[in-house]
Each structure stands twice: as structure tokens, then as C-alpha cells.
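Enquirer: Please read through the structure below; I'll follow up with questions.
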Amino acid sequence: MLILKLRVLIFFLLFPVMVAGQAADYGFGYQSALISNPSITGTEGDGFLRLSYLNLYPGNSFNLHSVMLSYDAYFSSLHGGAGFWLSDDYLGGIYNDLKAGLSYAYHLKAGDNLFFTGGLSASVYNRGFDFSNAVLPGQIDPFGGVVFPQMEVINARGNTVFDLGTGFMVISGWFFGGFSITHLSEPDLSKSNYSEDRLSRTLMVHAAGDFYLNKVKNLKLRPLVKCEINDEWYSLAGGVVFENNILSVSSVAMMDKSDNFDIQAGFSINTGGIIVFYNYRFNIVSGNNLMPFSLMHHTGLAFSLNNVDKRKTVKTINFPKL
């Protein structure tokens, strides 16, 4: 029991490293892009149902997991894309964040090979607490170890908040890129009324381009970059995807304000109507010497539920299935 409670204490030490502004990091990839930038909604045209599972710090018994389900498609009657997403972040048995959101993106054809999308998202977050196995600072005696009871009384009631996001994207020939601003309402998930506990507005900028390696255009390289900035945090990422009609492989380098340098590698296999993907992130350099080597496993499935080629009125693009 003591070992379990000490692990919980370590979780509290790692929590600021794991999440910037108390929001879970879903990794680098289109499988979670619906949350990061609503203007991406429906840009693949076909209706895609995505299921994914994420395990943070595997092998360290921290019990940090996330599951996600999303669906988006292009609808000609809406002149754009619409979708929804659900997620559950189970963080060490102490925090449990249930999230649900809707997104819409208007698709505008501005030229023969120039397209713009603008998106909005609305979401609801519910954070629950369970401190039954938590070790808090007031329970630690430097000579006697963990002692009980804790003098401070903690309010374990859950909290539900509303959030908004917006984004914009441009598609021009071989290039596509955009930006988004999430947490527009700056919700307070912990219900502490402290400004530092609010989810800060986050600006994300991303871009990518396709370079075909053969004449039939079924083999290509896709360099990509992403930057995220919020109140006192930033992260940068850049890498490349190599893909053909069946297999995609990727490698992405990441760094952040805490002087962490990470590498994420992944692959996906497209069997036609089903895509299987897997990503693994590991730490190369830790700015605080707390980060373990293995940071994240991310795996899942994507199902193409319908084909809308006959009713597309704007060009759609195929994002990496990573």
C-alpha cells in the first residue's frame, strides 16, 4: 500500500510535465486533429470513424490512459464538414476527464486549386476526482514517512465546464496549413477560481506539403511542422511522413519550453476500408531529469464508413493516417 501511495506522489510531481495547462496531450497526428483544429473537419471527404488508445509513461505503473472516439465527414448540404468526438482521460486514478465536442468547418473554393476552410467547435468537459489513494504534501513527515490524516480538507466534487475553439486552414496545390485557437472560454476544470488552474487559450500553427516521388503519384514524402503556444508554454515539432497507398511511416522530433527533446515514430497500414495505426514517443533529453525514456504509446483504428466522391463540390485532401 505504501508503494502505491508513493507512486501517486510521483504522479503529482510528473503531472505538470505531462500536461500543459492541465490538458492531456493527445500526441502528434490527424487522429486527434479534430480536437486541435476544427477547420480540419470533413477535409478528407469520406466519413471516418476513429478509435484510439493512448498510454502515457508505459512501464512505470502510473496508470495514465486516454481513449478517444471521433467521426467527421463532408456534407454537401452543409457546404462543409461536421463531426463529433468523445474522450476519457484516466489520470492515475485521481483525475478522470470526460470530454465531448461538436465541430463544423465551412469549405470555400476560392480558385481552381485554392481552398479555404474555417471551423468552430463547442465542447463540454467534466473532471472527476478520487483522492482516496492520494498522498498529499501535508501527509508527509520527513522522519516518519507518510502519515495520516491530512489537515487540509479537499473538495472531491466533480466539475463540468463549457469550452469553444476556432480554426482556419488553406489548401493550395501541394501545400496545406492552418492555425487554431482552442480554450477560448478559458474553462476552470479544477473549480479552484485560481487563474493558473484555467486552461489557457492555446494557439496552434501547422503546415505540411506533398512531394511525389514517382510519375503515378502513389509514393510521396510529406514534411510537416507544428507549433503550440499558450500562456507560459510552447512546443515545437517537425518531421516527415513517407507513404504509399498501403503503408505510411513517420518520424517527428519535438521540443518544448522545459528543454525536453523527444522523438515520435509511427506507422499505419491501410487495408482499404480500415486503417490501423501506431505511434511511440520516447524522450532523448530531459530538462528536469524526471522524464522516463518511454513517454507514450498511441494506437487505434480508423474506419471509412462512406464514400462521397460523387457528391464532392470542393477538393479534399488525405491527411497522414498517423
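As shown in the C-alpha cells, the chain order sets the letters A, B, ...; within each chain, residues go from 1, and ligands are also counted from 1 in the order they appear.
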Can you pull out every residue within 6 Å of region 224-226 of chain A, counting only C-alpha atoms, but drop anything in the same chain fewer than 6 positions away, and send it as a list in words?
Expert: Val205, His206, Ala207, Ala208, Leu236, Ala237, Gly238, Gly239 and Val240 of chain A
Enquirer: For the residues in the current selection, export N, CA and C atoms as a JSON list (two decimals), in the first residue's frame.
Expert:
[["chain", "number", "residue", "atom", "x", "y", "z"],
["A", 205, "VAL", "N", -0.21, 26.38, -34.78],
["A", 205, "VAL", "CA", 0.06, 26.63, -36.19],
["A", 205, "VAL", "C", 0.66, 25.36, -36.79],
["A", 206, "HIS", "N", 0.15, 24.92, -37.92],
["A", 206, "HIS", "CA", 0.66, 23.68, -38.52],
["A", 206, "HIS", "C", 0.71, 23.84, -40.04],
["A", 207, "ALA", "N", 1.61, 23.11, -40.68],
["A", 207, "ALA", "CA", 1.75, 23.15, -42.13],
["A", 207, "ALA", "C", 2.39, 21.87, -42.62],
["A", 208, "ALA", "N", 2.08, 21.50, -43.86],
["A", 208, "ALA", "CA", 2.66, 20.31, -44.47],
["A", 208, "ALA", "C", 2.58, 20.44, -45.97],
["A", 236, "LEU", "N", 7.44, 22.79, -30.07],
["A", 236, "LEU", "CA", 7.71, 22.80, -31.49],
["A", 236, "LEU", "C", 7.91, 21.37, -31.96],
["A", 237, "ALA", "N", 7.45, 21.07, -33.17],
["A", 237, "ALA", "CA", 7.62, 19.73, -33.71],
["A", 237, "ALA", "C", 7.80, 19.82, -35.21],
["A", 238, "GLY", "N", 8.61, 18.92, -35.74],
["A", 238, "GLY", "CA", 8.82, 18.85, -37.18],
["A", 238, "GLY", "C", 9.27, 17.46, -37.57],
["A", 239, "GLY", "N", 8.83, 17.01, -38.73],
["A", 239, "GLY", "CA", 9.22, 15.67, -39.17],
["A", 239, "GLY", "C", 8.80, 15.41, -40.59],
["A", 240, "VAL", "N", 8.74, 14.14, -40.93],
["A", 240, "VAL", "CA", 8.43, 13.75, -42.30],
["A", 240, "VAL", "C", 7.64, 12.45, -42.29]]
Enquirer: Write down as number ranges by chain the residues belonging to region 24-130 of chain A that are assigned strand (DSSP E or B) by DSSP computed on the backbone.
Expert: A: 47-56, 64-75, 80-91, 95-111, 114-129
Enquirer: Would you list the contacts of Ile263 (chain A) as a list in words, taking every protein, DNA or RNA residue within 10 Å and counting only C-alpha atoms, but skipping same-chain residues closer than 4 positions in sequence?
Expert: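 Result of the neighbour search: Ala237, Gly238, Gly239, Ser251, Val252, Ala253, Met254, Met255, Tyr280, Arg281, Phe282, Asn283, Ile284, Val285 and Leu295 of chain A.
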Enquirer: In Å to one decimal, how far is CA of Ala100 (chain A) from CA of Leu49 (chain A)?
Expert: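 Calculated distance between CA of Leu49 (chain A) and CA of Ala100 (chain A) is 15.0 Å.
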Enquirer: Could you tell me how far CA of Arg222 (chain A) sits from CA of Phe75 (chain A), in Å to one decimal place?
Expert: 27.1 Å
Enquirer: CA of Arg201 (chain A) and CA of Ser185 (chain A), how far apart in Å?
Expert: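 Between these atoms lies a distance of 7.8 Å.
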Enquirer: List the neighbours of Ser87 (chain A) out to 9 Å using only C-alpha atoms; skip same-chain residues closer than 6 positions along the sequence, and give me the result as a compact mmCIF listing (two decimals) with C-alpha atoms, in the first residue's frame.
Expert:
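Below is the file selection23.txt, written as the result:
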# COMPACT_ATOMS: atom_id res chain seq x y z
CA SER A 66 -6.79 8.02 -22.67
CA VAL A 67 -9.39 6.64 -25.06
CA MET A 68 -10.96 8.60 -27.88
CA LEU A 69 -13.71 8.22 -30.47
CA SER A 70 -14.38 10.69 -33.28
CA ASP A 97 -11.71 13.85 -17.54
CA LEU A 98 -14.72 13.08 -19.73
CA LYS A 99 -14.95 15.29 -22.82
CA ALA A 100 -17.39 15.61 -25.69
Enquirer: Using only C-alpha atoms, which of A:Ile275, A:Asp262, A:Gly128, A:His79 sits nearest Pro292 (chain A)?
Expert: A:Asp262
Enquirer: Which one is closest to Phe168 (chain A): A:Ile229, A:Ala105, A:Met296, A:Leu305? Count only C-alpha atoms.
Expert: A:Ala105
Enquirer: Leaving out Ile181 (chain A) and any residue of its chain fewer than 6 positions from it, which residues lie within 9 Å of it when counting only C-alpha atoms, given as number ranges by chain?
Expert: A: 36-37, 164-167, 201-204
Enquirer: Which neighbours of Trp174 (chain A) fall inside 12 Å, counting only C-alpha atoms, when residues of the same chain fewer than 5 positions from it are skipped, and could you give them as a list in words?
Expert: Asn113, Leu114, Phe115, Ala207, Ala208, Gly209, Asp210, Phe211, Tyr212, Lys217, Lys220, Leu221, Arg222, Pro223, Ile317 and Asn318 of chain A
Enquirer: Near Phe303 (chain A), counting only C-alpha atoms, which residues have an atom at most 9 Å away, once you skip same-chain residues fewer than 4 positions from it, shown as a VMD selection string?
Expert: chain A and resid 47 to 51 273 to 275
Enquirer: Give me a file of those residues, with N, CA and C atoms, as a short mmCIF file (atom, residue, chain, number, x, y, z; two decimals), in the first residue's frame.
Expert:
data_model
loop_
_atom_site.label_atom_id
_atom_site.label_comp_id
_atom_site.auth_asym_id
_atom_site.auth_seq_id
_atom_site.Cartn_x
_atom_site.Cartn_y
_atom_site.Cartn_z
N GLY A 47 -16.59 9.80 -44.73
CA GLY A 47 -16.86 9.75 -43.30
C GLY A 47 -15.91 8.79 -42.61
N PHE A 48 -15.14 9.28 -41.64
CA PHE A 48 -14.17 8.45 -40.93
C PHE A 48 -14.55 8.35 -39.45
N LEU A 49 -14.64 7.12 -38.98
CA LEU A 49 -14.81 6.84 -37.56
C LEU A 49 -13.46 6.40 -37.02
N ARG A 50 -12.98 7.09 -35.99
CA ARG A 50 -11.65 6.81 -35.45
C ARG A 50 -11.75 6.39 -33.98
N LEU A 51 -11.06 5.33 -33.65
CA LEU A 51 -10.96 4.85 -32.28
C LEU A 51 -9.48 4.78 -31.92
N GLY A 273 -10.84 -0.20 -46.35
CA GLY A 273 -11.83 0.49 -45.52
C GLY A 273 -11.40 0.66 -44.08
N ILE A 274 -10.29 0.01 -43.69
CA ILE A 274 -9.82 0.06 -42.31
C ILE A 274 -8.35 0.47 -42.28
N ILE A 275 -8.02 1.39 -41.40
CA ILE A 275 -6.64 1.83 -41.20
C ILE A 275 -6.22 1.49 -39.78
#
Enquirer: Of the candidates A:Leu120, A:Leu102, A:Val276, A:Val161, which shows the shortest atom-to-atom distance to Leu199 (chain A), using only C-alpha atoms?
Expert: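 With only C-alpha atoms as the atom set, the closest residue is A:Val161.
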Enquirer: When you count only C-alpha atoms, which of these residues is closest to Trp85 (chain A): A:Asn55, A:Asn63, A:Ser121, A:Asn279?
Expert: A:Ser121
